[in-house]
Amino acid sequence: MQSPILKTAAKYLGGVSLLILSVVMLSSFFEADNPGKLFKFPYRQQGLTEKQAAAHLLSRFTYGATPGEIDAVAQSGLENWFSQQLKASLPDDSLNQLLAKYDALKLSNTEVVAEYPKNAQVLRMAIGAGVVDKDSVKTDRKVYRDILQNYMQQNGMRPEQELFRQFISQKILRAAYTNNQLQEVMTSFWFNHFNVSITKNDCAQFIPAYERDVIRPNALGKFNDILLATAKSPAMLYYLDNFTSSAANDDMADNKGLLRRRLMQNMADQSADTARRAMLMNKLQKAKKTQGLNENYAREVMELHTLGVDGGYTQQDVTQAAKVLTGWTIYPMGDYGKGIKNAVDKVGDGRLASRGFVHDGDFLFNANRHDKTDKVVLGRHFGPDGGYQEGVQLLSMLAHNQATAKFICRKIAVRFVSDNPPQSLLNKMTNTFLEKDGDIKQVLITMVSAPEFWTASAVREKTKSPFELAIGSVRSLHADVLQPYQLYNWINKMGEKAYYYQAPTGFPDKGQYWINTGALLNRMNFGLALASGRIPGVKVDLAALNNHHEPESAQAALVTYSKLIMPERKLDETIRRLAPLLTDPNLALKVDEASSNKLYAKVNQPASMSMTSAEKAMADGKIDLTGKEKNKPLAMQSAGGNNSMLAQVVGVIVGSPEYQRR
Amino acid sequence: MVSRRGFLKSGGLALLGVGLLGGIPGFLAEAAASDKIISPYKKRKTLICIFQRGAMDGLMAVTPFTDEYLKAARPTLFMSAAKSGNGSPLIDLDGRFGLHPSMKAFEPLFREKRLGIVQGIGSPNTTRSHFDAQDYMESGTPFNKGTASGWLNRAVGLLGHDALTPFTAVSMTSAMPRSFYGDNPSVSISNLQDFAIQMRGNPMGANMAARSFEDLYDQTSSSLLKQTGKESFEAVKMLQKTDIKNYSPANNAVYPNSALGSSLKQIAQLIKMDVGLEVAFAESNGWDTHFNQGTENGIFARNVADLSNGITALWTDLGTYQDDVTIMTMTEFGRTVHQNGTGGTDHGRASCNFILGNDINGGLIHGSMKSLAPENLEDGRDLAVSTDFRSVFSEVADKHLSINNDHILFPDWKGDKIGVMRA
């Protein structure tokens, strides 16, 4: 029977030949499409060989090179590989096969809302349906959880957590296995730039579609497009509260006053029906919710998404921009926007446009809520009644601002070059951004075509994030990921709870953020756990990685596997440092013996008490000290197959400082 | 890279063992006296913050039991301080406020004037979203979402010295809390036992791997990795000195068998190990009581029992360390004055918090809470915020940690302190 590892290996080899073939074919297309525009990477001038440059390129624009990939890219030409990655159109059949079992991935937001309701919502529905008595709800009791679970099953609903699990598993598989690596890396970059968070309950359900429909398709497009798409997405509208923002409305204020008076009367009357009062309270809160300007999105779109904190805007600009963006909300779905639904129903879907409403997928521009005064942002006038187009023009203005060009280009350079990219490089990228209408592909090409990208000060200067470390080692070791969520648990433990970063800033992109004592120890432990097969559902076949040639000794294993896992690097120092530990004549014995110790102890408890560890090993028949033990091939699999010397060596390599860098 | 930990440069930690056995080495004492570095031997003050996520009903924890409006608003949730039938009454603190009976562990601490309570504490931002309110409270900037750092991280930066050890700021949580976001060194870890190189069932392999890692990190050309690697292994060694797993609390302290209890116990361990802990953080969950929150029994009663028993156990366990420690709770907002239709309460505005320590102006209910008459309520429904949380947090940071740089700790805030700490 073929092992899953071998199957992947076969898949992979097929992938490489497909890759080489398609690079050759596509590159000729590319030249035909863009005559005379084929770029050239100046790595030789920086003293890098073709292979070293390929290693650097792959370290920047993939989640880590797979075995053999550096050679393949060097052979087919770095520029060819890059232009093909920019197209993001390589077939991904084997990945799609892996993703097929996740049935929530294709759901629309409306379907998600119906199928994966929030926990509190389920409870409310169950009470409404009379399944649970409102007076006996005890959310912490198992019986009630069972009743709710039953209720959900019968009504075709599933727990929200499962949606997130599928979504996160998908991301891990995609990062590990897609052939369009650059697109996926850029997807992570933009998601983090336009961060939304599962920790915010209101927007959580919309995050899978946000990444799928808003971020990924625009990851290599124009900046203005991705900015506009995020502004109109339910995830962002909820995350930064713009869905609720509206012009202060006199009618509503009156309404609120009336409600408050009624409520107070009610409270004075102690015999008032609590249910009725609760209803009034609810109404009051709704009235409050739907009234007034919310500046959160307007502030962050300038501070974090476009201009940057020193981008030259004032608090006045923030307030005015918030007014421009009033009425930008989500189209009613499920429990969402019931109030808006009334307004929409009143107007009638057909006549929405004539009233200035805009319905575009999940987005709704609610003309009734739009501020119809004259507004001025950064010196430009908007309105008084330009409706939806005001916001579109505002975002376009921000997207094309010079401060934005600088801010975005710096962020891209920090992500792909170094934590402190040189100003000369930033200037080149900023010029391209401004000249090419914020075309991200062109900005990337300018960056990679610049000598600064290839200087010694950039090579291996970035620290891998926990996600990059985990996915990179899966790719380096050719691991088979059967349970992606297990990897996520480790990524979380190493300090990157992806999709749960609370602040709109996104994770800081600098080594200092990722490397602290607790996180660093967990990185080392991750290496050991992965290599020794102790991460459930993540299979590593170390022997297959070296074509089933067993290294002659621990030392040989160190040299061979260091080169396999960290190709094109100077590893002399790493090897020199580790070698003495490994050449300790008793070491292999000690480690193998220690790993079989447990097993032995089980079968022969009393004897183990009086024996030294070496004796135990001998008694176990594992090692013959009097024979040719020292020259014996390294044990690939010892007791349990998890603690062999080889796994230990590989684990140390993955946890080594050199491997934390890219 | 900026040097983050002064003591490592001087090799202070390596000498810790020597110091414990044979007194403080002369040159180190000299260095400490010169104020260039602060000796790890010198006891540091520690602030422990506990975030009660979900919004605690402050009106049930510390009930204004003489308030007729509250009684009317909560037909089945109102508790009285008068003894009646089988139920346990509230613990009358000062004739106006009563402590929930499940918090009886707090009563002696209050009577001894070590425990202070602020009623009516909250945020000036009126959001009733858990997410937003927690975000604002933890960033310390109630009107700015884009603040990258958390207030406790900024506090670490204002301690006036480099972080002395890897344990200067520790959050006992699996993920870094918003309060700890930022550039100053801080660690989040849910279990101290994770602070080790681990290979299950293979201690010798783990030992060898640890030696390999230590050697590799010692030679790397990346100063960040080299420095942090060194600190990591020092941290491992510091913790190895103590049997963390079989820790037995002092003075017969009994921690609740809960997530919070476990976090607080580990914080006590760190403090008693003298590893330089100055800011600690723990979480308590389950305060979002929309349904049947109960009275003397039920969800709320269990939560406050866990909280008060945990804090009291920590306090008891600390023994002679008590003078150096202040414990402060916080929650994102309070709950509606009226109970809702499902025996619970909904999202409101102000809540209360607890501050425990020997330099607390204790035995008092601080704040200026008015009666719950309709005209005093915020939006006609909620206990109004009469004390800005930043007023209390900054006073505690100032008096306990000697941090008085409010414009960095809480930018945009200019307000008065209310005297929760002794002058």
# chains A, B, ... in the order shown; residues from 1 in each chain; ligands from 1

$ residues_around --residues "A:Arg576" --least-positions-apart "4" --cutoff "12 Å" --atoms "only C-alpha atoms" --output "mmCIF file with N, CA and C atoms, in the first residue's frame"
data_model
loop_
_atom_site.group_PDB
_atom_site.id
_atom_site.type_symbol
_atom_site.label_atom_id
_atom_site.label_comp_id
_atom_site.auth_asym_id
_atom_site.auth_seq_id
_atom_site.Cartn_x
_atom_site.Cartn_y
_atom_site.Cartn_z
ATOM 1 N N GLN A 555 25.994 12.414 13.062
ATOM 2 C CA GLN A 555 26.695 13.529 12.422
ATOM 3 C C GLN A 555 26.267 13.657 10.959
ATOM 4 N N LEU A 558 22.867 15.040 10.670
ATOM 5 C CA LEU A 558 22.876 16.482 10.898
ATOM 6 C C LEU A 558 23.230 17.228 9.612
ATOM 7 N N VAL A 559 24.299 16.775 8.970
ATOM 8 C CA VAL A 559 24.751 17.449 7.746
ATOM 9 C C VAL A 559 23.697 17.308 6.648
ATOM 10 N N SER A 562 20.255 19.109 7.598
ATOM 11 C CA SER A 562 20.397 20.566 7.632
ATOM 12 C C SER A 562 20.320 21.110 6.220
ATOM 13 N N LYS A 570 24.597 29.042 4.691
ATOM 14 C CA LYS A 570 25.882 28.663 5.295
ATOM 15 C C LYS A 570 25.574 28.015 6.644
ATOM 16 N N LEU A 571 25.803 26.718 6.692
ATOM 17 C CA LEU A 571 25.392 26.007 7.907
ATOM 18 C C LEU A 571 26.572 25.502 8.707
ATOM 19 N N ASP A 572 27.776 25.897 8.282
ATOM 20 C CA ASP A 572 28.968 25.366 8.948
ATOM 21 C C ASP A 572 28.909 25.581 10.460
ATOM 22 N N PRO A 580 29.553 18.312 18.291
ATOM 23 C CA PRO A 580 30.130 17.684 19.493
ATOM 24 C C PRO A 580 29.075 16.990 20.341
ATOM 25 N N LEU A 581 27.893 17.587 20.385
ATOM 26 C CA LEU A 581 26.828 16.959 21.156
ATOM 27 C C LEU A 581 26.477 15.609 20.556
ATOM 28 N N LEU A 582 26.496 15.610 19.220
ATOM 29 C CA LEU A 582 26.054 14.400 18.541
ATOM 30 C C LEU A 582 27.131 13.333 18.502
ATOM 31 N N THR A 583 28.388 13.766 18.608
ATOM 32 C CA THR A 583 29.443 12.764 18.499
ATOM 33 C C THR A 583 29.791 12.164 19.851
ATOM 34 N N SER B 212 21.347 21.478 22.917
ATOM 35 C CA SER B 212 21.587 21.840 21.517
ATOM 36 C C SER B 212 21.051 23.234 21.224
ATOM 37 N N ASP B 215 23.023 26.060 22.834
ATOM 38 C CA ASP B 215 24.275 26.287 22.127
ATOM 39 C C ASP B 215 24.040 27.031 20.803
ATOM 40 N N LEU B 216 23.005 26.615 20.091
ATOM 41 C CA LEU B 216 22.723 27.236 18.793
ATOM 42 C C LEU B 216 22.321 28.694 18.952
ATOM 43 N N GLN B 219 25.094 31.187 19.483
ATOM 44 C CA GLN B 219 26.025 31.568 18.418
ATOM 45 C C GLN B 219 25.365 32.278 17.250
#

$ residues_around --residues "B:Glu332" --least-positions-apart "3" --cutoff "6 Å" --atoms "only C-alpha atoms" --output "list in words"
Ala55, Ala133 and Gln134 of chain B

$ write_last_selection --atoms "C-alpha atoms" --output "mmCIF file, in the first residue's frame"
data_model
loop_
_atom_site.group_PDB
_atom_site.id
_atom_site.type_symbol
_atom_site.label_atom_id
_atom_site.label_comp_id
_atom_site.auth_asym_id
_atom_site.auth_seq_id
_atom_site.Cartn_x
_atom_site.Cartn_y
_atom_site.Cartn_z
ATOM 1 C CA ALA B 55 -19.517 42.563 32.116
ATOM 2 C CA ALA B 133 -15.755 48.249 25.652
ATOM 3 C CA GLN B 134 -13.034 45.707 26.489
#

$ interface_residues --of "chain B" --to "chain A" --cutoff "6 Å" --atoms "only C-alpha atoms" --output "CSV table (one decimal) with N, CA and C atoms, in the first residue's frame"
chain,number,residue,atom,x,y,z
B,72,ALA,N,-37.6,47.7,43.0
B,72,ALA,CA,-38.7,47.7,42.1
B,72,ALA,C,-38.3,47.2,40.7
B,131,PHE,N,-17.0,43.7,23.0
B,131,PHE,CA,-15.7,43.8,22.2
B,131,PHE,C,-15.2,45.2,22.3
B,197,ILE,N,11.8,22.8,27.7
B,197,ILE,CA,11.9,22.0,26.4
B,197,ILE,C,11.3,20.7,26.7
B,202,ASN,N,10.5,11.3,27.3
B,202,ASN,CA,11.9,11.2,26.9
B,202,ASN,C,12.7,12.4,27.5
B,205,GLY,N,16.2,12.9,26.0
B,205,GLY,CA,16.1,13.6,24.7
B,205,GLY,C,15.8,15.1,24.9
B,217,TYR,N,21.5,29.0,19.9
B,217,TYR,CA,21.0,30.3,20.1
B,217,TYR,C,22.1,31.2,20.6
B,228,THR,N,17.0,36.8,23.2
B,228,THR,CA,15.8,36.1,23.7
B,228,THR,C,16.1,34.7,24.0
B,232,SER,N,15.4,33.0,27.5
B,232,SER,CA,14.5,31.8,27.6
B,232,SER,C,15.1,30.7,28.4
B,340,ASN,N,-34.3,41.6,33.0
B,340,ASN,CA,-34.9,41.4,31.7
B,340,ASN,C,-36.0,40.3,31.8
B,341,GLY,N,-36.5,39.9,30.7
B,341,GLY,CA,-37.6,39.0,30.7
B,341,GLY,C,-37.2,37.5,30.9
B,342,THR,N,-35.8,37.3,31.0
B,342,THR,CA,-35.4,35.9,31.2
B,342,THR,C,-34.5,35.8,32.4

$ closest_residue --among "A:Glu160, A:Ala247, A:Gln423, A:Gln389" --to "A:Lys372" --atoms "only C-alpha atoms"
A:Ala247

$ closest_residue --among "B:Gly286, B:Gly182, B:Pro256, B:Gly58" --to "B:Val118" --atoms "only C-alpha atoms"
B:Gly58

$ residues_around --residues "B:Leu158" --least-positions-apart "2" --cutoff "12 Å" --atoms "only C-alpha atoms" --output "list in words"
Trp151, Leu152, Asn153, Arg154, Ala155, Val156, Gly160, His161, Asp162, Ala163, Asn184, Glu278, Val279, Ala397, Asp398, Leu401, Ser402, Ile403, Asn404, Asn405, Asp406, His407, Ile408, Leu409 and Phe410 of chain B
